[in-house]
file structure18.pdb (PDB, C-alpha atoms, pLDDT in the B column)
ATOM      1  CA  MET A 284      38.707  -9.086   8.539  1.00 41.00           C
ATOM      2  CA  PRO A 285      36.606  -9.860  11.641  1.00 47.00           C
ATOM      3  CA  GLY A 286      38.319  -7.157  13.669  1.00 45.00           C
ATOM      4  CA  ASN A 287      37.160  -4.511  11.178  1.00 48.00           C
ATOM      5  CA  ARG A 288      33.478  -5.350  11.366  1.00 50.00           C
ATOM      6  CA  THR A 289      31.113  -2.686  12.657  1.00 54.00           C
ATOM      7  CA  ARG A 290      29.060  -3.144  15.816  1.00 53.00           C
ATOM      8  CA  GLY A 291      25.973  -3.702  13.690  1.00 48.00           C
ATOM      9  CA  GLN A 292      27.706  -6.439  11.747  1.00 54.00           C
ATOM     10  CA  ARG A 293      28.919  -8.056  14.945  1.00 49.00           C
ATOM     11  CA  ALA A 294      25.336  -8.084  16.183  1.00 61.00           C
ATOM     12  CA  GLY A 295      24.336 -10.004  13.052  1.00 84.00           C
ATOM     13  CA  LEU A 296      22.158  -7.193  11.757  1.00 94.00           C
ATOM     14  CA  THR A 297      21.526  -6.131   8.183  1.00 96.00           C
ATOM     15  CA  ARG A 298      19.424  -3.329   6.764  1.00 96.00           C
ATOM     16  CA  GLN A 299      16.812  -5.900   5.797  1.00 96.00           C
ATOM     17  CA  SER A 300      16.607  -7.421   9.278  1.00 97.00           C
ATOM     18  CA  VAL A 301      16.312  -3.955  10.825  1.00 97.00           C
ATOM     19  CA  LEU A 302      13.464  -3.015   8.487  1.00 97.00           C
ATOM     20  CA  GLU A 303      11.652  -6.295   9.067  1.00 97.00           C
ATOM     21  CA  ALA A 304      11.868  -5.770  12.817  1.00 98.00           C
ATOM     22  CA  ALA A 305      10.635  -2.174  12.442  1.00 98.00           C
ATOM     23  CA  LEU A 306       7.615  -3.260  10.427  1.00 98.00           C
ATOM     24  CA  ALA A 307       6.816  -6.021  12.914  1.00 98.00           C
ATOM     25  CA  LEU A 308       7.017  -3.551  15.792  1.00 98.00           C
ATOM     26  CA  ALA A 309       4.741  -1.067  14.014  1.00 97.00           C
ATOM     27  CA  ASP A 310       2.269  -3.844  13.196  1.00 97.00           C
ATOM     28  CA  ARG A 311       2.172  -4.954  16.805  1.00 97.00           C
ATOM     29  CA  GLU A 312       2.163  -1.656  18.680  1.00 96.00           C
ATOM     30  CA  GLY A 313       1.587   1.130  16.170  1.00 95.00           C
ATOM     31  CA  LEU A 314       3.799   3.839  14.714  1.00 95.00           C
ATOM     32  CA  LYS A 315       4.144   5.702  18.014  1.00 95.00           C
ATOM     33  CA  ALA A 316       6.155   2.775  19.365  1.00 96.00           C
ATOM     34  CA  LEU A 317       8.590   2.916  16.471  1.00 97.00           C
ATOM     35  CA  SER A 318      11.604   4.779  17.875  1.00 96.00           C
ATOM     36  CA  MET A 319      15.270   3.997  17.352  1.00 97.00           C
ATOM     37  CA  ARG A 320      15.636   3.288  21.063  1.00 96.00           C
ATOM     38  CA  ARG A 321      12.690   0.898  21.152  1.00 97.00           C
ATOM     39  CA  LEU A 322      13.730  -0.834  17.942  1.00 97.00           C
ATOM     40  CA  GLY A 323      17.253  -1.272  19.271  1.00 97.00           C
ATOM     41  CA  ALA A 324      15.831  -2.881  22.402  1.00 96.00           C
ATOM     42  CA  GLU A 325      13.785  -5.227  20.235  1.00 95.00           C
ATOM     43  CA  LEU A 326      16.944  -6.273  18.409  1.00 96.00           C
ATOM     44  CA  GLY A 327      19.110  -6.420  21.518  1.00 95.00           C
ATOM     45  CA  VAL A 328      21.434  -3.562  20.532  1.00 95.00           C
ATOM     46  CA  GLU A 329      21.942   0.090  21.399  1.00 95.00           C
ATOM     47  CA  ALA A 330      19.988   2.554  19.310  1.00 96.00           C
ATOM     48  CA  MET A 331      23.205   3.977  17.841  1.00 95.00           C
ATOM     49  CA  THR A 332      24.019   0.554  16.371  1.00 95.00           C
ATOM     50  CA  LEU A 333      21.026   0.878  14.065  1.00 97.00           C
ATOM     51  CA  TYR A 334      22.595   3.862  12.335  1.00 96.00           C
ATOM     52  CA  HIS A 335      25.083   1.502  10.696  1.00 94.00           C
ATOM     53  CA  HIS A 336      22.126   0.247   8.641  1.00 96.00           C
ATOM     54  CA  VAL A 337      19.700   3.194   8.389  1.00 96.00           C
ATOM     55  CA  ALA A 338      21.066   6.701   8.232  1.00 95.00           C
ATOM     56  CA  SER A 339      18.261   8.376  10.199  1.00 95.00           C
ATOM     57  CA  LYS A 340      14.756   7.967  11.583  1.00 95.00           C
ATOM     58  CA  ASP A 341      13.427   9.234   8.248  1.00 95.00           C
ATOM     59  CA  ALA A 342      15.417   6.569   6.421  1.00 96.00           C
ATOM     60  CA  LEU A 343      13.942   3.976   8.757  1.00 97.00           C
ATOM     61  CA  LEU A 344      10.396   5.150   8.025  1.00 97.00           C
ATOM     62  CA  ASP A 345      11.095   5.158   4.290  1.00 96.00           C
ATOM     63  CA  GLY A 346      12.361   1.610   4.684  1.00 96.00           C
ATOM     64  CA  VAL A 347       9.184   0.533   6.449  1.00 97.00           C
ATOM     65  CA  VAL A 348       7.156   1.822   3.487  1.00 96.00           C
ATOM     66  CA  GLU A 349       9.547  -0.061   1.223  1.00 96.00           C
ATOM     67  CA  GLN A 350       8.876  -3.269   3.146  1.00 96.00           C
ATOM     68  CA  VAL A 351       5.128  -2.986   2.611  1.00 96.00           C
ATOM     69  CA  PHE A 352       5.479  -2.439  -1.121  1.00 94.00           C
ATOM     70  CA  ALA A 353       8.041  -5.245  -1.313  1.00 92.00           C
ATOM     71  CA  GLU A 354       5.268  -7.672  -0.353  1.00 93.00           C
ATOM     72  CA  VAL A 355       3.709  -6.968  -3.739  1.00 93.00           C
ATOM     73  CA  ALA A 356       5.300  -8.905  -6.588  1.00 84.00           C
ATOM     74  CA  PRO A 357       7.029  -6.515  -9.005  1.00 81.00           C
ATOM     75  CA  PRO A 358       4.373  -5.765 -11.628  1.00 85.00           C
ATOM     76  CA  ARG A 359       4.988  -6.966 -15.161  1.00 87.00           C
ATOM     77  CA  PHE A 360       2.390  -5.813 -17.676  1.00 91.00           C
ATOM     78  CA  GLN A 361       2.053  -7.785 -20.899  1.00 89.00           C
ATOM     79  CA  ALA A 362       0.615  -6.294 -24.067  1.00 88.00           C
ATOM     80  CA  ALA A 363      -2.140  -8.919 -24.278  1.00 90.00           C
ATOM     81  CA  SER A 364      -3.116  -8.886 -20.609  1.00 93.00           C
ATOM     82  CA  TRP A 365      -2.191  -5.491 -19.185  1.00 94.00           C
ATOM     83  CA  ARG A 366      -5.697  -4.900 -17.800  1.00 94.00           C
ATOM     84  CA  ALA A 367      -5.664  -8.195 -15.907  1.00 95.00           C
ATOM     85  CA  ASP A 368      -2.088  -7.505 -14.810  1.00 95.00           C
ATOM     86  CA  LEU A 369      -3.028  -4.073 -13.440  1.00 96.00           C
ATOM     87  CA  ARG A 370      -6.007  -5.603 -11.674  1.00 96.00           C
ATOM     88  CA  ASP A 371      -3.752  -8.205 -10.077  1.00 95.00           C
ATOM     89  CA  TYR A 372      -1.316  -5.497  -8.992  1.00 96.00           C
ATOM     90  CA  ALA A 373      -4.101  -3.441  -7.424  1.00 96.00           C
ATOM     91  CA  ASP A 374      -5.454  -6.474  -5.574  1.00 95.00           C
ATOM     92  CA  ALA A 375      -1.970  -7.441  -4.342  1.00 96.00           C
ATOM     93  CA  LEU A 376      -1.279  -3.902  -3.132  1.00 96.00           C
ATOM     94  CA  LEU A 377      -4.654  -3.800  -1.394  1.00 95.00           C
ATOM     95  CA  THR A 378      -3.888  -7.053   0.411  1.00 95.00           C
ATOM     96  CA  ALA A 379      -0.430  -5.853   1.479  1.00 96.00           C
ATOM     97  CA  LEU A 380      -1.744  -2.564   2.850  1.00 96.00           C
ATOM     98  CA  LEU A 381      -4.622  -4.175   4.736  1.00 94.00           C
ATOM     99  CA  ALA A 382      -2.126  -6.567   6.312  1.00 95.00           C
ATOM    100  CA  HIS A 383      -0.373  -3.549   7.905  1.00 96.00           C
ATOM    101  CA  PRO A 384      -3.137  -1.124   8.928  1.00 94.00           C
ATOM    102  CA  HIS A 385      -0.986   0.717  11.470  1.00 95.00           C
ATOM    103  CA  VAL A 386       1.475   1.605   8.706  1.00 96.00           C
ATOM    104  CA  VAL A 387      -1.112   2.975   6.267  1.00 96.00           C
ATOM    105  CA  PRO A 388      -0.773   6.592   7.537  1.00 94.00           C
ATOM    106  CA  LEU A 389       2.960   6.312   6.895  1.00 95.00           C
ATOM    107  CA  VAL A 390       2.352   5.096   3.346  1.00 95.00           C
ATOM    108  CA  VAL A 391      -0.035   7.993   2.775  1.00 94.00           C
ATOM    109  CA  SER A 392       2.431  10.597   4.014  1.00 93.00           C
ATOM    110  CA  ARG A 393       5.728   9.303   2.602  1.00 90.00           C
ATOM    111  CA  PRO A 394       6.402   8.583  -1.083  1.00 84.00           C
ATOM    112  CA  ALA A 395       7.891   5.170  -1.811  1.00 81.00           C
ATOM    113  CA  THR A 396      11.189   6.471  -3.199  1.00 87.00           C
ATOM    114  CA  THR A 397      13.871   4.149  -1.861  1.00 92.00           C
ATOM    115  CA  PRO A 398      16.134   2.660  -4.572  1.00 93.00           C
ATOM    116  CA  ARG A 399      14.321  -0.674  -4.323  1.00 93.00           C
ATOM    117  CA  ASN A 400      10.919   0.896  -4.896  1.00 92.00           C
ATOM    118  CA  LEU A 401      12.183   3.159  -7.655  1.00 93.00           C
ATOM    119  CA  GLN A 402      13.612   0.167  -9.516  1.00 93.00           C
ATOM    120  CA  ALA A 403      10.240  -1.582  -9.301  1.00 92.00           C
ATOM    121  CA  MET A 404       8.598   1.514 -10.782  1.00 93.00           C
ATOM    122  CA  GLU A 405      11.228   1.668 -13.527  1.00 94.00           C
ATOM    123  CA  ASN A 406      10.496  -1.916 -14.512  1.00 93.00           C
ATOM    124  CA  ALA A 407       6.746  -1.350 -14.407  1.00 93.00           C
ATOM    125  CA  LEU A 408       7.052   1.687 -16.680  1.00 94.00           C
ATOM    126  CA  ALA A 409       9.056  -0.347 -19.174  1.00 94.00           C
ATOM    127  CA  SER A 410       6.401  -3.054 -19.350  1.00 92.00           C
ATOM    128  CA  LEU A 411       3.527  -0.562 -19.599  1.00 93.00           C
ATOM    129  CA  ARG A 412       5.294   1.131 -22.472  1.00 92.00           C
ATOM    130  CA  THR A 413       5.620  -2.267 -24.141  1.00 90.00           C
ATOM    131  CA  ALA A 414       1.875  -2.730 -23.598  1.00 89.00           C
ATOM    132  CA  GLY A 415       1.247   0.368 -25.718  1.00 89.00           C
ATOM    133  CA  PHE A 416       1.153   3.295 -23.288  1.00 93.00           C
ATOM    134  CA  PRO A 417       3.127   6.458 -24.009  1.00 93.00           C
ATOM    135  CA  LEU A 418       5.750   6.875 -21.302  1.00 93.00           C
ATOM    136  CA  ASP A 419       4.104   9.848 -19.603  1.00 92.00           C
ATOM    137  CA  ARG A 420       0.735   8.083 -19.546  1.00 94.00           C
ATOM    138  CA  ALA A 421       2.368   4.950 -18.178  1.00 94.00           C
ATOM    139  CA  LEU A 422       3.546   6.984 -15.187  1.00 95.00           C
ATOM    140  CA  ASP A 423       0.051   8.430 -14.813  1.00 96.00           C
ATOM    141  CA  VAL A 424      -1.368   4.896 -14.761  1.00 96.00           C
ATOM    142  CA  LEU A 425       1.026   3.760 -12.035  1.00 95.00           C
ATOM    143  CA  TYR A 426       0.351   6.784  -9.851  1.00 95.00           C
ATOM    144  CA  ALA A 427      -3.397   6.562 -10.423  1.00 96.00           C
ATOM    145  CA  ILE A 428      -3.659   2.872  -9.510  1.00 96.00           C
ATOM    146  CA  SER A 429      -1.359   3.127  -6.496  1.00 95.00           C
ATOM    147  CA  GLY A 430      -3.031   6.316  -5.265  1.00 95.00           C
ATOM    148  CA  PHE A 431      -6.482   4.812  -5.675  1.00 96.00           C
ATOM    149  CA  VAL A 432      -5.588   1.705  -3.655  1.00 96.00           C
ATOM    150  CA  VAL A 433      -3.820   3.662  -0.911  1.00 96.00           C
ATOM    151  CA  GLY A 434      -6.705   6.114  -0.664  1.00 94.00           C
ATOM    152  CA  HIS A 435      -9.250   3.317  -0.507  1.00 93.00           C
ATOM    153  CA  VAL A 436      -7.386   1.579   2.294  1.00 94.00           C
ATOM    154  CA  ALA A 437      -6.869   4.838   4.191  1.00 92.00           C
ATOM    155  CA  ALA A 438     -10.633   5.358   4.154  1.00 86.00           C
ATOM    156  CA  GLU A 439     -11.602   1.763   4.909  1.00 76.00           C
ATOM    157  CA  ALA A 440      -8.883   0.132   7.003  1.00 62.00           C
ATOM    158  CA  ASP A 441      -9.382  -0.266  10.751  1.00 58.00           C
ATOM    159  CA  PRO A 442      -6.198  -1.152  12.690  1.00 52.00           C
ATOM    160  CA  ALA A 443      -8.306  -2.953  15.294  1.00 49.00           C
ATOM    161  CA  ARG A 444      -9.672  -5.330  12.689  1.00 48.00           C
ATOM    162  CA  ARG A 445      -7.367  -7.669  10.703  1.00 45.00           C
ATOM    163  CA  ASP A 446      -9.966  -9.164   8.370  1.00 48.00           C
ATOM    164  CA  ASP A 447      -9.809  -8.731   4.612  1.00 46.00           C
ATOM    165  CA  ARG A 448     -11.432  -5.960   2.620  1.00 46.00           C
ATOM    166  CA  ARG A 449     -14.838  -7.665   2.521  1.00 44.00           C
ATOM    167  CA  THR A 450     -15.443  -6.693   6.157  1.00 45.00           C
ATOM    168  CA  ALA A 451     -14.907  -2.969   5.669  1.00 42.00           C
ATOM    169  CA  THR A 452     -18.577  -1.880   5.511  1.00 48.00           C
ATOM    170  CA  ASP A 453     -19.234  -0.451   8.964  1.00 52.00           C
ATOM    171  CA  HIS A 454     -19.201   3.137   7.761  1.00 57.00           C
ATOM    172  CA  LEU A 455     -22.559   2.470   6.080  1.00 59.00           C
ATOM    173  CA  HIS A 456     -24.282   2.058   9.442  1.00 67.00           C
ATOM    174  CA  PRO A 457     -24.882   5.806   9.967  1.00 77.00           C
ATOM    175  CA  LEU A 458     -26.638   5.962   6.602  1.00 81.00           C
ATOM    176  CA  LEU A 459     -28.924   3.126   7.624  1.00 82.00           C
ATOM    177  CA  ASP A 460     -29.982   5.126  10.675  1.00 86.00           C
ATOM    178  CA  LEU A 461     -31.021   8.203   8.704  1.00 91.00           C
ATOM    179  CA  ASP A 462     -34.624   9.275   8.434  1.00 93.00           C
ATOM    180  CA  PRO A 463     -35.830   7.862   5.081  1.00 92.00           C
ATOM    181  CA  ASP A 464     -38.389  10.680   4.764  1.00 94.00           C
ATOM    182  CA  GLU A 465     -35.634  13.293   4.923  1.00 95.00           C
ATOM    183  CA  PHE A 466     -32.960  11.352   2.996  1.00 94.00           C
ATOM    184  CA  PRO A 467     -34.834   8.855   0.816  1.00 93.00           C
ATOM    185  CA  LEU A 468     -32.063   8.305  -1.714  1.00 93.00           C
ATOM    186  CA  LEU A 469     -29.237   7.879   0.810  1.00 90.00           C
ATOM    187  CA  THR A 470     -31.156   5.367   2.901  1.00 87.00           C
ATOM    188  CA  ALA A 471     -32.368   3.452  -0.144  1.00 89.00           C
ATOM    189  CA  ALA A 472     -28.842   3.252  -1.557  1.00 84.00           C
ATOM    190  CA  ALA A 473     -27.396   2.076   1.758  1.00 80.00           C
ATOM    191  CA  ARG A 474     -30.072  -0.606   2.137  1.00 81.00           C
ATOM    192  CA  THR A 475     -29.483  -1.775  -1.413  1.00 77.00           C
ATOM    193  CA  GLU A 476     -25.744  -2.120  -0.717  1.00 57.00           C
ATOM    194  CA  ARG A 477     -26.045  -4.259   2.410  1.00 50.00           C
ATOM    195  CA  PRO A 478     -26.634  -7.629   0.676  1.00 49.00           C
ATOM    196  CA  ARG A 479     -23.618  -7.027  -1.545  1.00 48.00           C
ATOM    197  CA  SER A 480     -19.979  -6.967  -0.602  1.00 51.00           C
ATOM    198  CA  GLY A 481     -19.859  -3.306   0.416  1.00 58.00           C
ATOM    199  CA  ALA A 482     -16.419  -1.774   0.131  1.00 65.00           C
ATOM    200  CA  ASP A 483     -15.247  -4.702  -1.973  1.00 73.00           C
ATOM    201  CA  SER A 484     -17.935  -3.974  -4.547  1.00 81.00           C
ATOM    202  CA  ARG A 485     -17.075  -0.272  -4.671  1.00 84.00           C
ATOM    203  CA  PHE A 486     -13.370  -1.035  -5.009  1.00 91.00           C
ATOM    204  CA  ASP A 487     -13.938  -3.400  -7.936  1.00 92.00           C
ATOM    205  CA  PHE A 488     -16.387  -1.035  -9.615  1.00 92.00           C
ATOM    206  CA  ALA A 489     -14.001   1.931  -9.419  1.00 94.00           C
ATOM    207  CA  LEU A 490     -11.008  -0.154 -10.491  1.00 96.00           C
ATOM    208  CA  GLU A 491     -12.808  -1.488 -13.564  1.00 96.00           C
ATOM    209  CA  ALA A 492     -13.893   2.035 -14.487  1.00 96.00           C
ATOM    210  CA  MET A 493     -10.287   3.233 -14.228  1.00 96.00           C
ATOM    211  CA  LEU A 494      -9.024   0.359 -16.373  1.00 96.00           C
ATOM    212  CA  ALA A 495     -11.632   1.116 -19.030  1.00 96.00           C
ATOM    213  CA  GLY A 496     -10.532   4.755 -19.018  1.00 95.00           C
ATOM    214  CA  PHE A 497      -6.872   3.775 -19.328  1.00 94.00           C
ATOM    215  CA  ASP A 498      -7.723   1.563 -22.299  1.00 92.00           C
ATOM    216  CA  ALA A 499      -9.585   4.385 -24.027  1.00 91.00           C
ATOM    217  CA  ALA A 500      -6.676   6.778 -23.466  1.00 88.00           C
ATOM    218  CA  ARG A 501      -4.174   4.190 -24.720  1.00 86.00           C
ATOM    219  CA  ARG A 502      -6.134   3.642 -27.904  1.00 83.00           C
ATOM    220  CA  THR A 503      -6.443   7.383 -28.508  1.00 84.00           C
ATOM    221  CA  GLU A 504      -2.797   8.235 -27.890  1.00 76.00           C
ATOM    222  CA  SER A 505      -1.021   5.199 -29.309  1.00 65.00           C
TER     223      SER A 505
END
call {"tool": "encode", "arguments": {"input": "structure18.pdb", "output": "structure tokens"}}
result
Amino acid sequence: MPGNRTRGQRAGLTRQSVLEAALALADREGLKALSMRRLGAELGVEAMTLYHHVASKDALLDGVVEQVFAEVAPPRFQAASWRADLRDYADALLTALLAHPHVVPLVVSRPATTPRNLQAMENALASLRTAGFPLDRALDVLYAISGFVVGHVAAEADPARRDDRRTATDHLHPLLDLDPDEFPLLTAAARTERPRSGADSRFDFALEAMLAGFDAARRTES
């Protein structure tokens, strides 16, 4: 009955709307701005009202990580196309993380273990097993791909720059300034990389190498 609704319900809030507002706030002002008091002000409620939807600040942060991963379509790996499917998943995760650079440190430090994320992992494991991976190796594949993408973004992403991954090459500049007589190989490699797509090229190269390794392991152990 209406008289039994909580204050959060009366304010028209849901867990999803709270998490969306938290992610938007972090995107706009960074993680330091993400407090229960500030989020409540954003939503027009007292901070205590938020606890009807998230049990604690930790639960809120876990939910923000959940929101980022929710932007990636739940992976489904088919037996005939699992390599392409994994590549698509990695690219989608990369795009989602680069869209929220302020939240990347949170993703690095907090495992994505809300029920929603765990169910996505459960489904992905089922489809990888169908594709021919032993169950333990399927989990290794998921962790390896996700960890690789998160690590790449953590090294490359700049919160002050919202462009896609093809712009993340500035860290090569110090190599270009080195003395070529002292560091001939480093300077030559950096100069060779400039006409290419930089971080994008390295990401694709490493991803393809990982997929080839997964395929070899699958063939050996299946």
call {"tool": "atom_distance", "arguments": {"input": "structure18.pdb", "atom1": "atom CA of A:Thr378", "atom2": "atom CA of A:Phe416"}}
result
26.3 Å
call {"tool": "closest_atom_pairs", "arguments": {"input": "structure18.pdb", "of": "stretch 330-388 of chain A", "to": "stretch 395-404 of chain A", "cutoff": "12 Å", "atoms": "all atoms listed in the file", "output": "Markdown table"}}
result
| residue | atom | partner | partner_atom | distance |
| --- | --- | --- | --- | --- |
| A:Val337 | CA | A:Thr397 | CA | 11.8 |
| A:Asp341 | CA | A:Thr397 | CA | 11.3 |
| A:Ala342 | CA | A:Thr397 | CA | 8.8 |
| A:Leu343 | CA | A:Thr397 | CA | 10.6 |
| A:Leu344 | CA | A:Ala395 | CA | 10.1 |
| A:Asp345 | CA | A:Thr397 | CA | 6.8 |
| A:Gly346 | CA | A:Thr397 | CA | 7.2 |
| A:Val347 | CA | A:Ala395 | CA | 9.6 |
| A:Val348 | CA | A:Ala395 | CA | 6.3 |
| A:Glu349 | CA | A:Ala395 | CA | 6.3 |
| A:Gln350 | CA | A:Asn400 | CA | 9.3 |
| A:Val351 | CA | A:Ala395 | CA | 9.7 |
| A:Phe352 | CA | A:Asn400 | CA | 7.4 |
| A:Ala353 | CA | A:Asn400 | CA | 7.7 |
| A:Glu354 | CA | A:Asn400 | CA | 11.2 |
| A:Val355 | CA | A:Ala403 | CA | 10.1 |
| A:Ala356 | CA | A:Ala403 | CA | 9.2 |
| A:Pro357 | CA | A:Ala403 | CA | 5.9 |
| A:Pro358 | CA | A:Ala403 | CA | 7.6 |
| A:Arg359 | CA | A:Ala403 | CA | 9.5 |
| A:Phe360 | CA | A:Met404 | CA | 11.8 |
call {"tool": "atom_distance", "arguments": {"input": "structure18.pdb", "atom1": "atom CA of A:Gly434", "atom2": "atom CA of A:Gly313"}}
result
19.4 Å
call {"tool": "residues_near_point", "arguments": {"input": "structure18.pdb", "point": "(-1.6, 12.3, -2.3)", "cutoff": "12 Å", "atoms": "only C-alpha atoms", "output": "list in words"}}
result
Pro388, Leu389, Val390, Val391, Ser392, Arg393, Pro394, Ala395, Tyr426, Ala427, Ser429, Gly430, Phe431, Val432, Val433, Gly434, His435 and Ala437 of chain A
call {"tool": "atom_distance", "arguments": {"input": "structure18.pdb", "atom1": "atom CA of A:Leu317", "atom2": "atom CA of A:Tyr372"}}
result
28.6 Å
